[in-house]
$ cat query.cif   # mmCIF, C-alpha atoms
data_model
#
loop_
_atom_site.label_atom_id
_atom_site.label_comp_id
_atom_site.auth_asym_id
_atom_site.auth_seq_id
_atom_site.Cartn_x
_atom_site.Cartn_y
_atom_site.Cartn_z
CA MET A 459 24.78 18.97 15.35
CA ASN A 460 25.69 17.17 12.13
CA ILE A 461 24.71 13.52 11.76
CA ASP A 462 26.87 11.53 9.36
CA HIS A 463 25.46 8.85 7.12
CA PHE A 464 27.40 6.12 8.96
CA THR A 465 25.52 6.91 12.19
CA ILE A 466 22.20 6.77 10.35
CA MET A 467 23.12 3.44 8.72
CA LEU A 468 24.18 2.02 12.08
CA PHE A 469 20.93 3.13 13.69
CA GLY A 470 18.98 1.75 10.74
CA LEU A 471 20.83 -1.56 11.02
CA PHE A 472 19.74 -2.06 14.62
CA ILE A 473 16.16 -1.02 13.83
CA LYS A 474 15.97 -3.47 10.89
CA LEU A 475 17.37 -6.34 12.95
CA MET A 476 14.96 -5.59 15.78
CA LEU A 477 11.98 -5.43 13.41
CA GLY A 478 13.09 -8.63 11.68
CA VAL A 479 13.16 -10.47 15.00
CA LEU A 480 9.84 -8.91 16.08
CA PHE A 481 8.07 -9.93 12.87
CA PHE A 482 9.57 -13.42 13.19
CA ILE A 483 8.03 -13.69 16.67
CA PHE A 484 4.68 -12.52 15.25
CA TRP A 485 4.90 -15.31 12.70
CA LEU A 486 5.81 -17.92 15.33
CA ASN A 487 2.65 -17.01 17.25
CA ASP A 488 0.45 -17.69 14.18
CA ARG A 489 2.37 -19.73 11.61
CA ARG A 490 -0.65 -20.60 9.50
CA GLY A 491 -2.72 -17.47 9.72
CA ALA A 492 0.02 -14.83 9.46
CA VAL A 493 2.62 -16.19 7.06
CA TRP A 494 3.16 -12.66 5.71
CA PHE A 495 5.05 -11.84 8.92
CA ALA A 496 7.65 -14.48 7.97
CA TRP A 497 8.20 -12.79 4.61
CA TRP A 498 8.45 -9.34 6.19
CA SER A 499 10.80 -10.70 8.83
CA ALA A 500 13.05 -11.88 5.99
CA THR A 501 12.68 -8.41 4.42
CA PHE A 502 14.11 -6.63 7.45
CA LEU A 503 16.78 -9.23 8.18
CA LEU A 504 18.05 -9.11 4.60
CA GLY A 505 17.86 -5.32 4.68
CA GLY A 506 19.92 -5.37 7.85
CA LEU A 507 22.45 -7.68 6.20
CA ALA A 508 22.71 -5.27 3.27
CA ALA A 509 23.32 -2.32 5.62
CA LEU A 510 25.99 -4.29 7.50
CA LEU A 511 27.81 -5.17 4.28
CA PHE A 512 27.71 -1.56 3.10
CA MET A 513 29.21 -0.44 6.42
CA LEU A 514 32.00 -3.06 6.17
CA ARG A 515 33.01 -2.05 2.67
CA GLY A 516 36.48 -1.01 3.79
CA PHE A 517 37.14 -4.46 5.25
CA GLY A 518 36.33 -6.45 2.11
CA GLY A 519 36.29 -6.24 -1.64
CA ASP A 520 33.65 -4.48 -3.69
CA PHE A 521 32.00 -7.74 -4.68
CA PHE A 522 31.44 -8.67 -1.05
CA ALA A 523 30.25 -5.22 0.06
CA ILE A 524 28.48 -3.90 -3.04
CA GLY A 525 27.74 -7.09 -5.00
CA VAL A 526 26.39 -9.19 -2.14
CA GLY A 527 25.11 -6.14 -0.24
CA VAL A 528 22.92 -4.83 -3.05
CA ALA A 529 21.81 -8.39 -3.88
CA SER A 530 20.63 -8.71 -0.26
CA LEU A 531 18.72 -5.44 -0.57
CA ILE A 532 17.06 -6.60 -3.80
CA ALA A 533 16.17 -9.93 -2.21
CA ALA A 534 14.73 -8.02 0.77
CA PHE A 535 12.26 -6.16 -1.45
CA GLY A 536 11.49 -9.39 -3.28
CA CYS A 537 10.47 -10.89 0.07
CA CYS A 538 8.49 -7.74 0.83
CA TRP A 539 6.52 -8.27 -2.39
CA GLN A 540 5.81 -11.88 -1.45
CA GLY A 541 4.69 -10.72 1.99
CA ALA A 542 2.18 -8.42 0.29
CA ARG A 543 0.95 -11.38 -1.78
CA ALA A 544 0.69 -13.58 1.30
CA PHE A 545 -1.29 -10.89 3.14
CA ASP A 546 -4.02 -11.18 0.52
CA LYS A 547 -3.86 -15.01 0.44
CA ARG A 548 -1.91 -15.32 -2.81
CA ARG A 549 0.76 -17.91 -3.40
CA PRO A 550 4.42 -16.81 -3.44
CA LEU A 551 6.25 -16.30 -6.72
CA TRP A 552 9.74 -17.66 -6.11
CA LEU A 553 11.24 -16.85 -9.51
CA PRO A 554 11.32 -13.03 -9.10
CA VAL A 555 12.71 -13.36 -5.57
CA LEU A 556 15.62 -15.46 -6.85
CA LEU A 557 16.05 -14.03 -10.34
CA ALA A 558 16.44 -10.33 -9.49
CA PRO A 559 19.35 -10.81 -7.02
CA ALA A 560 20.89 -13.34 -9.41
CA ILE A 561 20.88 -10.77 -12.22
CA TRP A 562 22.67 -8.29 -9.98
CA LEU A 563 25.26 -10.84 -8.84
CA ALA A 564 25.88 -11.90 -12.43
CA ALA A 565 26.42 -8.27 -13.46
CA SER A 566 28.74 -7.77 -10.48
CA LEU A 567 31.02 -10.51 -11.85
CA VAL A 568 31.43 -8.63 -15.12
CA PRO A 569 34.83 -6.85 -15.06
CA GLY A 570 34.49 -3.12 -14.56
CA PHE A 571 30.79 -3.17 -13.60
CA LEU A 572 31.26 -2.45 -9.91
CA ASP A 573 33.76 0.31 -10.72
CA ASN A 574 31.18 2.18 -12.80
CA ILE A 575 28.76 4.03 -10.51
CA SER A 576 26.36 4.83 -13.34
CA TYR A 577 25.95 1.15 -14.21
CA ARG A 578 25.36 0.27 -10.57
CA VAL A 579 22.78 2.99 -9.99
CA VAL A 580 20.84 2.23 -13.16
CA LEU A 581 20.75 -1.56 -12.78
CA SER A 582 19.96 -1.53 -9.06
CA SER A 583 17.14 0.98 -9.66
CA LEU A 584 15.74 -1.04 -12.56
CA LEU A 585 15.62 -4.11 -10.29
CA LEU A 586 14.39 -2.43 -7.10
CA ALA A 587 11.71 -0.09 -8.47
CA PRO A 588 9.53 -2.84 -10.06
CA LEU A 589 9.74 -5.02 -6.93
CA ILE A 590 8.63 -2.14 -4.73
CA ALA A 591 5.93 -1.11 -7.20
CA MET A 592 4.56 -4.66 -7.14
CA CYS A 593 4.10 -4.34 -3.37
CA ALA A 594 1.80 -1.38 -4.02
CA VAL A 595 0.01 -3.33 -6.78
CA GLU A 596 -0.61 -6.33 -4.51
CA PHE A 597 -2.15 -4.19 -1.79
CA TRP A 598 -4.21 -2.36 -4.43
CA ARG A 599 -5.58 -5.68 -5.69
CA GLY A 600 -6.95 -6.43 -2.22
CA ARG A 601 -8.57 -3.02 -1.77
CA GLN A 602 -12.07 -4.55 -1.45
CA GLU A 603 -11.14 -5.51 2.10
CA ALA A 604 -12.13 -2.58 4.30
CA LEU A 605 -8.79 -1.82 5.98
CA GLN A 606 -8.08 1.87 6.47
CA SER A 607 -4.31 1.41 6.74
CA ARG A 608 -4.17 -0.26 3.32
CA TRP A 609 -4.36 3.06 1.44
CA PRO A 610 -1.38 4.83 3.08
CA VAL A 611 0.61 1.59 2.62
CA ILE A 612 -0.15 1.71 -1.11
CA VAL A 613 0.91 5.37 -1.26
CA LEU A 614 4.17 4.74 0.61
CA PHE A 615 5.16 1.81 -1.59
CA ALA A 616 4.25 3.77 -4.73
CA THR A 617 6.31 6.81 -3.70
CA LEU A 618 9.28 4.62 -2.75
CA ALA A 619 9.10 2.90 -6.14
CA LEU A 620 9.02 6.29 -7.89
CA PHE A 621 11.96 7.42 -5.76
CA PHE A 622 14.15 4.55 -6.97
CA ALA A 623 12.86 4.79 -10.54
CA ALA A 624 13.75 8.51 -10.64
CA ARG A 625 17.43 7.65 -10.12
CA VAL A 626 17.63 6.33 -13.71
CA PRO A 627 16.89 9.61 -15.57
CA LEU A 628 18.81 11.59 -12.92
CA VAL A 629 21.88 9.36 -12.91
CA SER A 630 24.12 11.90 -14.66
CA LEU A 631 22.76 14.92 -12.78
CA LEU A 632 22.79 14.18 -9.04
CA PRO A 633 25.46 13.06 -6.56
CA PHE A 634 25.62 9.46 -5.38
CA PRO A 635 23.48 7.72 -4.13
CA PHE A 636 20.73 9.67 -5.96
CA GLY A 637 22.79 9.64 -9.14
CA ALA A 638 26.32 8.85 -10.31
CA GLN A 639 28.04 12.17 -9.65
CA PRO A 640 30.73 12.27 -6.93
CA LEU A 641 29.53 11.36 -3.44
CA ALA A 642 28.20 14.22 -1.30
CA PRO A 643 27.75 13.42 2.44
CA GLY A 644 24.59 15.53 2.73
CA TRP A 645 22.96 13.69 -0.17
CA MET A 646 23.88 10.35 1.40
CA VAL A 647 22.25 11.42 4.68
CA ALA A 648 19.11 12.52 2.82
CA PHE A 649 18.97 9.22 0.90
CA ASN A 650 19.24 7.13 4.05
CA LEU A 651 16.67 9.26 5.87
CA ILE A 652 14.15 8.87 3.01
CA VAL A 653 14.58 5.09 2.97
CA PHE A 654 14.50 4.89 6.77
CA PHE A 655 11.32 7.02 6.95
CA HIS A 656 9.52 4.78 4.46
CA ALA A 657 10.65 1.63 6.27
CA LEU A 658 9.52 2.93 9.66
CA MET A 659 6.15 4.19 8.44
CA LEU A 660 5.49 0.98 6.50
CA THR A 661 6.26 -1.08 9.60
CA VAL A 662 3.76 0.87 11.70
CA LEU A 663 1.09 0.70 9.01
CA ILE A 664 1.61 -3.00 8.27
CA VAL A 665 1.19 -3.85 11.96
CA ALA A 666 -1.90 -1.60 12.09
CA MET A 667 -3.30 -3.24 8.97
CA SER A 668 -2.79 -6.72 10.44
CA LYS A 669 -4.57 -5.61 13.61
CA GLU A 670 -7.44 -4.15 11.57
CA ARG A 671 -7.81 -7.44 9.70
CA LEU A 672 -7.95 -9.42 12.96
CA GLU A 673 -10.65 -7.10 14.31
CA LEU A 674 -12.57 -7.33 11.03
CA GLU A 675 -12.41 -11.13 11.10
CA GLN A 676 -13.66 -11.17 14.68
CA ARG A 677 -16.57 -8.87 13.80
CA THR A 678 -17.38 -10.97 10.74
CA LYS A 679 -17.28 -14.17 12.79
CA ALA A 680 -19.62 -12.66 15.37
CA GLN A 681 -22.11 -11.81 12.59
CA THR A 682 -21.90 -15.08 10.63
CA ASP A 683 -23.94 -18.23 11.03
CA PRO A 684 -21.37 -20.98 11.68
CA LEU A 685 -23.30 -23.70 9.81
CA THR A 686 -24.33 -22.03 6.57
CA GLY A 687 -21.90 -19.10 6.36
CA ALA A 688 -24.84 -16.73 5.89
CA LEU A 689 -25.04 -13.57 8.00
CA ASN A 690 -26.96 -14.00 11.25
CA ARG A 691 -29.80 -12.12 12.94
CA ARG A 692 -27.35 -9.85 14.73
CA ALA A 693 -25.87 -8.80 11.39
CA PHE A 694 -29.38 -8.28 10.00
CA MET A 695 -30.29 -5.83 12.75
CA ALA A 696 -27.01 -3.91 12.34
CA ARG A 697 -26.66 -3.85 8.55
CA GLY A 698 -30.32 -3.82 7.69
CA VAL A 699 -31.03 -0.55 9.49
CA ARG A 700 -28.03 1.18 7.89
CA LEU A 701 -28.90 -0.15 4.44
CA VAL A 702 -32.53 0.98 4.61
CA GLN A 703 -31.53 4.41 5.93
CA ARG A 704 -29.04 4.85 3.11
CA HIS A 705 -31.73 3.97 0.55
CA ARG A 706 -34.11 6.43 2.21
CA HIS A 707 -31.57 9.24 1.80
CA GLN A 708 -30.99 8.20 -1.82
CA THR A 709 -34.74 7.69 -2.43
CA ALA A 710 -33.71 4.36 -3.95
CA PRO A 711 -35.83 1.17 -4.02
CA LEU A 712 -35.01 -1.83 -1.86
CA CYS A 713 -36.73 -5.18 -1.40
CA LEU A 714 -36.76 -7.64 1.46
CA LEU A 715 -37.26 -11.35 0.73
CA PHE A 716 -38.39 -13.64 3.52
CA LEU A 717 -37.59 -17.28 2.79
CA ASP A 718 -38.94 -20.21 4.80
CA LEU A 719 -38.16 -23.83 3.93
CA ASP A 720 -41.26 -26.03 3.63
CA HIS A 721 -41.83 -29.04 5.91
CA PHE A 722 -38.40 -28.61 7.44
CA LYS A 723 -39.42 -30.14 10.79
CA SER A 724 -40.45 -33.36 9.05
CA LEU A 725 -37.06 -33.42 7.24
CA ASN A 726 -35.30 -33.19 10.59
CA ASP A 727 -37.52 -35.88 12.07
CA ARG A 728 -36.86 -38.20 9.13
CA PHE A 729 -33.16 -37.66 8.49
CA GLY A 730 -31.92 -36.15 11.74
CA HIS A 731 -30.28 -32.81 12.27
CA SER A 732 -27.32 -33.68 10.04
CA GLY A 733 -29.72 -34.27 7.15
CA GLY A 734 -31.47 -30.99 7.88
CA ASP A 735 -28.08 -29.27 7.94
CA ASP A 736 -27.30 -30.65 4.48
CA VAL A 737 -30.57 -29.24 3.15
CA LEU A 738 -29.86 -25.84 4.72
CA MET A 739 -26.38 -25.65 3.21
CA THR A 740 -27.70 -26.61 -0.20
CA PHE A 741 -30.39 -23.96 0.08
CA VAL A 742 -27.89 -21.25 1.00
CA ALA A 743 -25.70 -22.24 -1.96
CA VAL A 744 -28.72 -21.94 -4.28
CA VAL A 745 -29.57 -18.49 -2.93
CA HIS A 746 -26.00 -17.24 -3.32
CA ASP A 747 -25.99 -18.51 -6.90
CA ASN A 748 -28.99 -16.35 -7.68
CA ILE A 749 -28.24 -13.06 -5.93
CA ARG A 750 -25.67 -10.37 -6.61
CA PRO A 751 -22.49 -9.83 -4.56
CA THR A 752 -24.09 -6.60 -3.31
CA ASP A 753 -27.14 -8.45 -1.91
CA PHE A 754 -27.23 -9.79 1.65
CA LEU A 755 -28.53 -13.16 2.89
CA PHE A 756 -29.28 -13.59 6.60
CA ARG A 757 -30.25 -16.66 8.60
CA ILE A 758 -32.88 -15.38 11.00
CA GLY A 759 -33.31 -18.65 12.82
CA GLY A 760 -33.87 -22.35 12.11
CA GLU A 761 -35.11 -22.68 8.53
CA GLU A 762 -36.01 -18.98 8.20
CA PHE A 763 -33.89 -16.62 6.10
CA CYS A 764 -34.25 -13.15 4.73
CA CYS A 765 -32.48 -11.41 1.90
CA LEU A 766 -31.99 -7.67 1.37
CA LEU A 767 -31.80 -6.61 -2.26
CA PRO A 768 -30.46 -3.04 -2.58
CA HIS A 769 -31.55 -0.86 -5.51
CA THR A 770 -34.18 -3.42 -6.52
CA ARG A 771 -37.79 -2.89 -7.54
CA GLY A 772 -40.60 -5.26 -6.65
CA ASP A 773 -40.82 -6.84 -10.10
CA GLN A 774 -37.06 -7.46 -10.12
CA ALA A 775 -37.23 -9.03 -6.67
CA HIS A 776 -40.05 -11.30 -7.84
CA THR A 777 -37.86 -12.54 -10.70
CA VAL A 778 -35.02 -13.31 -8.27
CA ALA A 779 -37.38 -15.06 -5.85
CA GLU A 780 -38.89 -17.24 -8.58
CA ARG A 781 -35.43 -18.17 -9.77
CA ILE A 782 -34.43 -19.24 -6.23
CA ARG A 783 -37.67 -21.16 -5.72
CA HIS A 784 -37.39 -23.01 -9.02
CA GLN A 785 -33.71 -23.89 -8.67
CA PHE A 786 -34.11 -25.13 -5.09
CA GLU A 787 -37.15 -27.19 -6.07
CA SER A 788 -35.05 -28.79 -8.83
CA ALA A 789 -32.06 -29.48 -6.56
CA THR A 790 -31.47 -32.87 -4.99
CA VAL A 791 -29.71 -33.18 -1.66
CA ASP A 792 -27.79 -36.39 -0.97
CA VAL A 793 -28.45 -37.26 2.69
CA ALA A 794 -26.60 -40.41 3.74
CA GLY A 795 -27.05 -41.87 0.26
CA THR A 796 -30.73 -40.92 0.04
CA PRO A 797 -31.81 -38.28 -2.52
CA VAL A 798 -33.93 -35.66 -0.80
CA LYS A 799 -36.09 -32.96 -2.37
CA ALA A 800 -37.21 -29.81 -0.58
CA THR A 801 -39.03 -26.58 -1.42
CA VAL A 802 -39.19 -23.03 -0.09
CA SER A 803 -41.88 -20.39 0.30
CA LEU A 804 -40.95 -16.76 -0.25
CA GLY A 805 -42.51 -13.43 0.65
CA ILE A 806 -41.50 -10.06 -0.79
CA ALA A 807 -41.93 -6.56 0.63
CA SER A 808 -40.66 -3.48 -1.19
CA THR A 809 -39.93 0.06 -0.11
CA GLU A 810 -42.00 1.22 -3.08
CA THR A 811 -45.05 -0.08 -1.26
CA PHE A 812 -44.21 0.12 2.46
CA GLY A 813 -41.61 2.84 2.70
CA HIS A 814 -38.11 2.72 4.11
CA ASP A 815 -38.88 1.08 7.43
CA LEU A 816 -37.04 -2.16 8.19
CA ASP A 817 -39.57 -3.39 10.77
CA ALA A 818 -42.48 -2.79 8.40
CA LEU A 819 -40.67 -4.55 5.54
CA MET A 820 -39.85 -7.51 7.76
CA ARG A 821 -43.39 -7.79 9.10
CA ARG A 822 -45.01 -7.53 5.64
CA ALA A 823 -42.61 -10.01 4.03
CA ASP A 824 -43.18 -12.41 6.93
CA MET A 825 -46.95 -12.19 6.41
CA ALA A 826 -46.45 -12.79 2.68
CA VAL A 827 -44.59 -16.02 3.50
CA TYR A 828 -47.45 -17.03 5.77
CA ALA A 829 -49.84 -16.42 2.87
CA ALA A 830 -47.64 -18.57 0.62
CA LYS A 831 -47.78 -21.37 3.19
CA ARG A 832 -51.58 -21.18 3.34
CA GLN A 833 -51.81 -21.25 -0.45
CA GLY A 834 -49.96 -24.55 -0.67
CA ARG A 835 -46.25 -23.69 -0.14
CA ASN A 836 -43.49 -23.65 -2.75
CA ARG A 837 -44.58 -20.29 -4.12
CA VAL A 838 -43.72 -16.59 -4.08
CA VAL A 839 -46.14 -14.01 -2.66
CA VAL A 840 -45.62 -10.26 -3.01
CA ALA A 841 -47.01 -8.22 -0.10
CA ALA A 842 -49.54 -5.60 -1.18
CA ALA A 843 -50.49 -2.38 0.56
CA ASP A 844 -54.10 -3.51 1.07
CA ASP A 845 -53.15 -6.83 2.67
CA PRO A 846 -54.56 -7.14 6.20
CA VAL A 847 -51.95 -6.72 8.93
CA GLU A 848 -52.31 -9.77 11.12
CA GLY A 849 -50.12 -11.56 13.57
CA ARG A 850 -48.34 -14.45 12.00
CA MET A 851 -49.54 -17.82 13.16
CA ALA A 852 -46.93 -20.53 13.16
CA PRO A 853 -47.86 -22.82 10.30
CA ALA A 854 -46.66 -26.35 10.04
CA ALA A 855 -43.23 -26.08 8.51
#

$ encode --input "query.cif" --output "structure tokens"
Amino acid sequence: MNIDHFTIMLFGLFIKLMLGVLFFIFWLNDRRGAVWFAWWSATFLLGGLAALLFMLRGFGGDFFAIGVGVASLIAAFGCCWQGARAFDKRRPLWLPVLLAPAIWLAASLVPGFLDNISYRVVLSSLLLAPLIAMCAVEFWRGRQEALQSRWPVIVLFATLALFFAARVPLVSLLPFPFGAQPLAPGWMVAFNLIVFFHALMLTVLIVAMSKERLELEQRTKAQTDPLTGALNRRAFMARGVRLVQRHRHQTAPLCLLFLDLDHFKSLNDRFGHSGGDDVLMTFVAVVHDNIRPTDFLFRIGGEEFCCLLPHTRGDQAHTVAERIRHQFESATVDVAGTPVKATVSLGIASTETFGHDLDALMRRADMAVYAAKRQGRNRVVVAAADDPVEGRMAPAA
């Protein structure tokens, strides 16, 4: 059974309208958090408008069907690009969205332009290919976010951009709509099927990617301390074991820092819990200023934190710890108009000394902090192999 291109366009029209409405409903359910659905809703609705105008070409002039129709298609991919930007929390760029369709409409008003298929194919491809390629670029820029569906989305946008770009060098060789040679129904069917396949696959992957982000945000929220933004004990138990095991397989060094704020109970008693919270948040900011993006800070409980430093030797960890201690000692926290000073004691345990065992590292670093407290606080102590293993007594904070 032969399927003509009109049937495919009609089917595609209904699919685009349905997806446009569906994405609009997604956006209505989360107007602030999922603004990209509004852009992609506009993408499909404008794409549907373009298909409708192409199908009604016999009932109107070329400017209405081809001029406005192609302009709608170009605007659709402009909105798609902005949806990709919005997905990765970037502001929209209105100029390309408005300028590209305007260029096409201006060219369509030039006498003879719409009658020349070569001009139409070349200009539409030169406007569409960069817009589609920018969708791939935007998703590539956000590749640090661990979303599995992001990579096939990048590939699909890249291949679609190459598909439209290839029309320019092939304009004099292939039948319309691939080139400017006389229309061949089979080539029109193939063109529409290629575009329809990309649109359908991108829709499935974009929805999957949005779902993956929601699940990732929920997991991150479950492993994050709501006050300080540091990872919590649950995250420490999950990530710490994996990190230490990976370093064991790589025979790579790793250090664990245990950090305990000094006299924190007296700070709470004097300034209340809100004052203690201000000190904690300042401390976390100081730590993040002095560790790498690949290091991990965890709030174990109360005023106790630990930090995992991958691929770090003991002497390097000592330098980091001293930098944290000194900077926090120098910091002043404004608590209800009162300048407050605080200090921290730090203990260090390294895999070079105690092996790749998370429990052993935690226990030894904890005992090193206890030793720092006994020695007068506000100091860094490195756990040694010959240190006695003793149960930690709870010192006065």

$ residues_around --input "query.cif" --residues "A:Leu819" --least-positions-apart "3" --cutoff "10 Å" --atoms "all atoms listed in the file" --output "list of chain:residue names"
A:Val702, A:Leu712, A:Cys713, A:Leu714, A:Leu715, A:Phe716, A:Ile806, A:Ala807, A:Ser808, A:Thr809, A:Thr811, A:Phe812, A:Gly813, A:His814, A:Asp815, A:Leu816, A:Arg822, A:Ala823, A:Asp824, A:Met825, A:Ala841

$ resolve_selection --input "query.cif" --expression "the PyMOL selection byres ((chain A and resi 829-838) around 9)" --output "PDB file with C-alpha atoms, keeping the file's coordinate frame"
ATOM      1  CA  LEU A 719     -38.160 -23.830   3.930  1.00  0.00           C
ATOM      2  CA  ASP A 720     -41.260 -26.030   3.630  1.00  0.00           C
ATOM      3  CA  HIS A 776     -40.050 -11.300  -7.840  1.00  0.00           C
ATOM      4  CA  ALA A 779     -37.380 -15.060  -5.850  1.00  0.00           C
ATOM      5  CA  GLU A 780     -38.890 -17.240  -8.580  1.00  0.00           C
ATOM      6  CA  ARG A 783     -37.670 -21.160  -5.720  1.00  0.00           C
ATOM      7  CA  HIS A 784     -37.390 -23.010  -9.020  1.00  0.00           C
ATOM      8  CA  GLU A 787     -37.150 -27.190  -6.070  1.00  0.00           C
ATOM      9  CA  THR A 801     -39.030 -26.580  -1.420  1.00  0.00           C
ATOM     10  CA  VAL A 802     -39.190 -23.030  -0.090  1.00  0.00           C
ATOM     11  CA  SER A 803     -41.880 -20.390   0.300  1.00  0.00           C
ATOM     12  CA  LEU A 804     -40.950 -16.760  -0.250  1.00  0.00           C
ATOM     13  CA  GLY A 805     -42.510 -13.430   0.650  1.00  0.00           C
ATOM     14  CA  ILE A 806     -41.500 -10.060  -0.790  1.00  0.00           C
ATOM     15  CA  ASP A 824     -43.180 -12.410   6.930  1.00  0.00           C
ATOM     16  CA  MET A 825     -46.950 -12.190   6.410  1.00  0.00           C
ATOM     17  CA  ALA A 826     -46.450 -12.790   2.680  1.00  0.00           C
ATOM     18  CA  VAL A 827     -44.590 -16.020   3.500  1.00  0.00           C
ATOM     19  CA  TYR A 828     -47.450 -17.030   5.770  1.00  0.00           C
ATOM     20  CA  VAL A 839     -46.140 -14.010  -2.660  1.00  0.00           C
ATOM     21  CA  VAL A 840     -45.620 -10.260  -3.010  1.00  0.00           C
ATOM     22  CA  PRO A 853     -47.860 -22.820  10.300  1.00  0.00           C
ATOM     23  CA  ALA A 854     -46.660 -26.350  10.040  1.00  0.00           C
ATOM     24  CA  ALA A 855     -43.230 -26.080   8.510  1.00  0.00           C
TER      25      ALA A 855
END

$ closest_residue --input "query.cif" --among "A:Phe521, A:Phe622, A:Phe469, A:Phe545" --to "A:Ala492" --atoms "all atoms listed in the file"
A:Phe545

$ resolve_selection --input "query.cif" --expression "the PyMOL selection byres ((chain A and resi 685) around 9)" --output "PyMOL selection string"
chain A and resi 682-684+686-688+735+738-739

$ resolve_selection --input "query.cif" --expression "the PyMOL selection byres ((chain A and resi 478) around 9)" --output "PyMOL selection string"
chain A and resi 473-477+479-483+496+498-504+506

$ write_last_selection --input "query.cif" --atoms "C-alpha atoms" --output "tab-separated table (two decimals), in the coordinates of the input"
chain	number	residue	atom	x	y	z
A	473	ILE	CA	16.16	-1.02	13.83
A	474	LYS	CA	15.97	-3.47	10.89
A	475	LEU	CA	17.37	-6.34	12.95
A	476	MET	CA	14.96	-5.59	15.78
A	477	LEU	CA	11.98	-5.43	13.41
A	479	VAL	CA	13.16	-10.47	15.00
A	480	LEU	CA	9.84	-8.91	16.08
A	481	PHE	CA	8.07	-9.93	12.87
A	482	PHE	CA	9.57	-13.42	13.19
A	483	ILE	CA	8.03	-13.69	16.67
A	496	ALA	CA	7.65	-14.48	7.97
A	498	TRP	CA	8.45	-9.34	6.19
A	499	SER	CA	10.80	-10.70	8.83
A	500	ALA	CA	13.05	-11.88	5.99
A	501	THR	CA	12.68	-8.41	4.42
A	502	PHE	CA	14.11	-6.63	7.45
A	503	LEU	CA	16.78	-9.23	8.18
A	504	LEU	CA	18.05	-9.11	4.60
A	506	GLY	CA	19.92	-5.37	7.85

$ atom_distance --input "query.cif" --atom1 "atom CA of A:Asp520" --atom2 "atom CA of A:Leu658"
28.6 Å

$ closest_residue --input "query.cif" --among "A:Ala710, A:Ala693, A:Arg771, A:Leu584" --to "A:Arg757" --atoms "all atoms listed in the file"
A:Ala693

$ residues_around --input "query.cif" --residues "stretch 646-657 of chain A" --least-positions-apart "5" --cutoff "12 Å" --atoms "only C-alpha atoms" --output "PyMOL selection string"
chain A and resi 460-474+477-478+498+501-502+505-506+509+531+534-535+538+590+610-619+621-622+625+632-637+639-641+662-664

$ residues_near_point --input "query.cif" --point "(-29.4, -18.5, 15.7)" --cutoff "9 Å" --atoms "all atoms listed in the file" --output "count of residues only"
8

$ residues_around --input "query.cif" --residues "A:Leu556" --least-positions-apart "3" --cutoff "10 Å" --atoms "all atoms listed in the file" --output "list in words"
Ala529, Ile532, Ala533, Gly536, Cys537, Leu551, Trp552, Leu553, Pro559, Ala560 and Ile561 of chain A

$ write_last_selection --input "query.cif" --atoms "C-alpha atoms" --output "tab-separated table (two decimals), in the coordinates of the input"
chain	number	residue	atom	x	y	z
A	529	ALA	CA	21.81	-8.39	-3.88
A	532	ILE	CA	17.06	-6.60	-3.80
A	533	ALA	CA	16.17	-9.93	-2.21
A	536	GLY	CA	11.49	-9.39	-3.28
A	537	CYS	CA	10.47	-10.89	0.07
A	551	LEU	CA	6.25	-16.30	-6.72
A	552	TRP	CA	9.74	-17.66	-6.11
A	553	LEU	CA	11.24	-16.85	-9.51
A	559	PRO	CA	19.35	-10.81	-7.02
A	560	ALA	CA	20.89	-13.34	-9.41
A	561	ILE	CA	20.88	-10.77	-12.22

$ atom_distance --input "query.cif" --atom1 "atom CA of A:Gly519" --atom2 "atom CA of A:Leu586"
22.9 Å

$ atom_distance --input "query.cif" --atom1 "atom CA of A:Phe694" --atom2 "atom CA of A:Ala680"
12.0 Å

$ closest_residue --input "query.cif" --among "A:Met695, A:Val528, A:Ala800, A:Ala666" --to "A:Lys723" --atoms "only C-alpha atoms"
A:Ala800

$ closest_residue --input "query.cif" --among "A:Val579, A:Met667, A:Leu674, A:Ala591" --to "A:Val626" --atoms "all atoms listed in the file"
A:Val579

$ closest_residue --input "query.cif" --among "A:Phe522, A:Trp598, A:Tyr577, A:Trp609" --to "A:Ala638" --atoms "all atoms listed in the file"
A:Tyr577

$ build_atoms --input "query.cif" --residues "stretch 707-712 of chain A" --atoms "N, CA and C atoms" --output "PDB file, keeping the file's coordinate frame"
ATOM      1  N   HIS A 707     -32.237   7.984   2.168  1.00  0.00           N
ATOM      2  CA  HIS A 707     -31.570   9.240   1.800  1.00  0.00           C
ATOM      3  C   HIS A 707     -31.405   9.343   0.286  1.00  0.00           C
ATOM      4  N   GLN A 708     -31.186   8.211  -0.372  1.00  0.00           N
ATOM      5  CA  GLN A 708     -30.990   8.200  -1.820  1.00  0.00           C
ATOM      6  C   GLN A 708     -32.305   8.112  -2.582  1.00  0.00           C
ATOM      7  N   THR A 709     -33.420   7.957  -1.835  1.00  0.00           N
ATOM      8  CA  THR A 709     -34.740   7.690  -2.430  1.00  0.00           C
ATOM      9  C   THR A 709     -34.636   6.560  -3.464  1.00  0.00           C
ATOM     10  N   ALA A 710     -33.936   5.508  -3.069  1.00  0.00           N
ATOM     11  CA  ALA A 710     -33.710   4.360  -3.950  1.00  0.00           C
ATOM     12  C   ALA A 710     -34.552   3.180  -3.477  1.00  0.00           C
ATOM     13  N   PRO A 711     -35.010   2.324  -4.411  1.00  0.00           N
ATOM     14  CA  PRO A 711     -35.830   1.170  -4.020  1.00  0.00           C
ATOM     15  C   PRO A 711     -34.990   0.069  -3.393  1.00  0.00           C
ATOM     16  N   LEU A 712     -35.629  -0.679  -2.511  1.00  0.00           N
ATOM     17  CA  LEU A 712     -35.010  -1.830  -1.860  1.00  0.00           C
ATOM     18  C   LEU A 712     -36.095  -2.851  -1.578  1.00  0.00           C
TER      19      LEU A 712
END
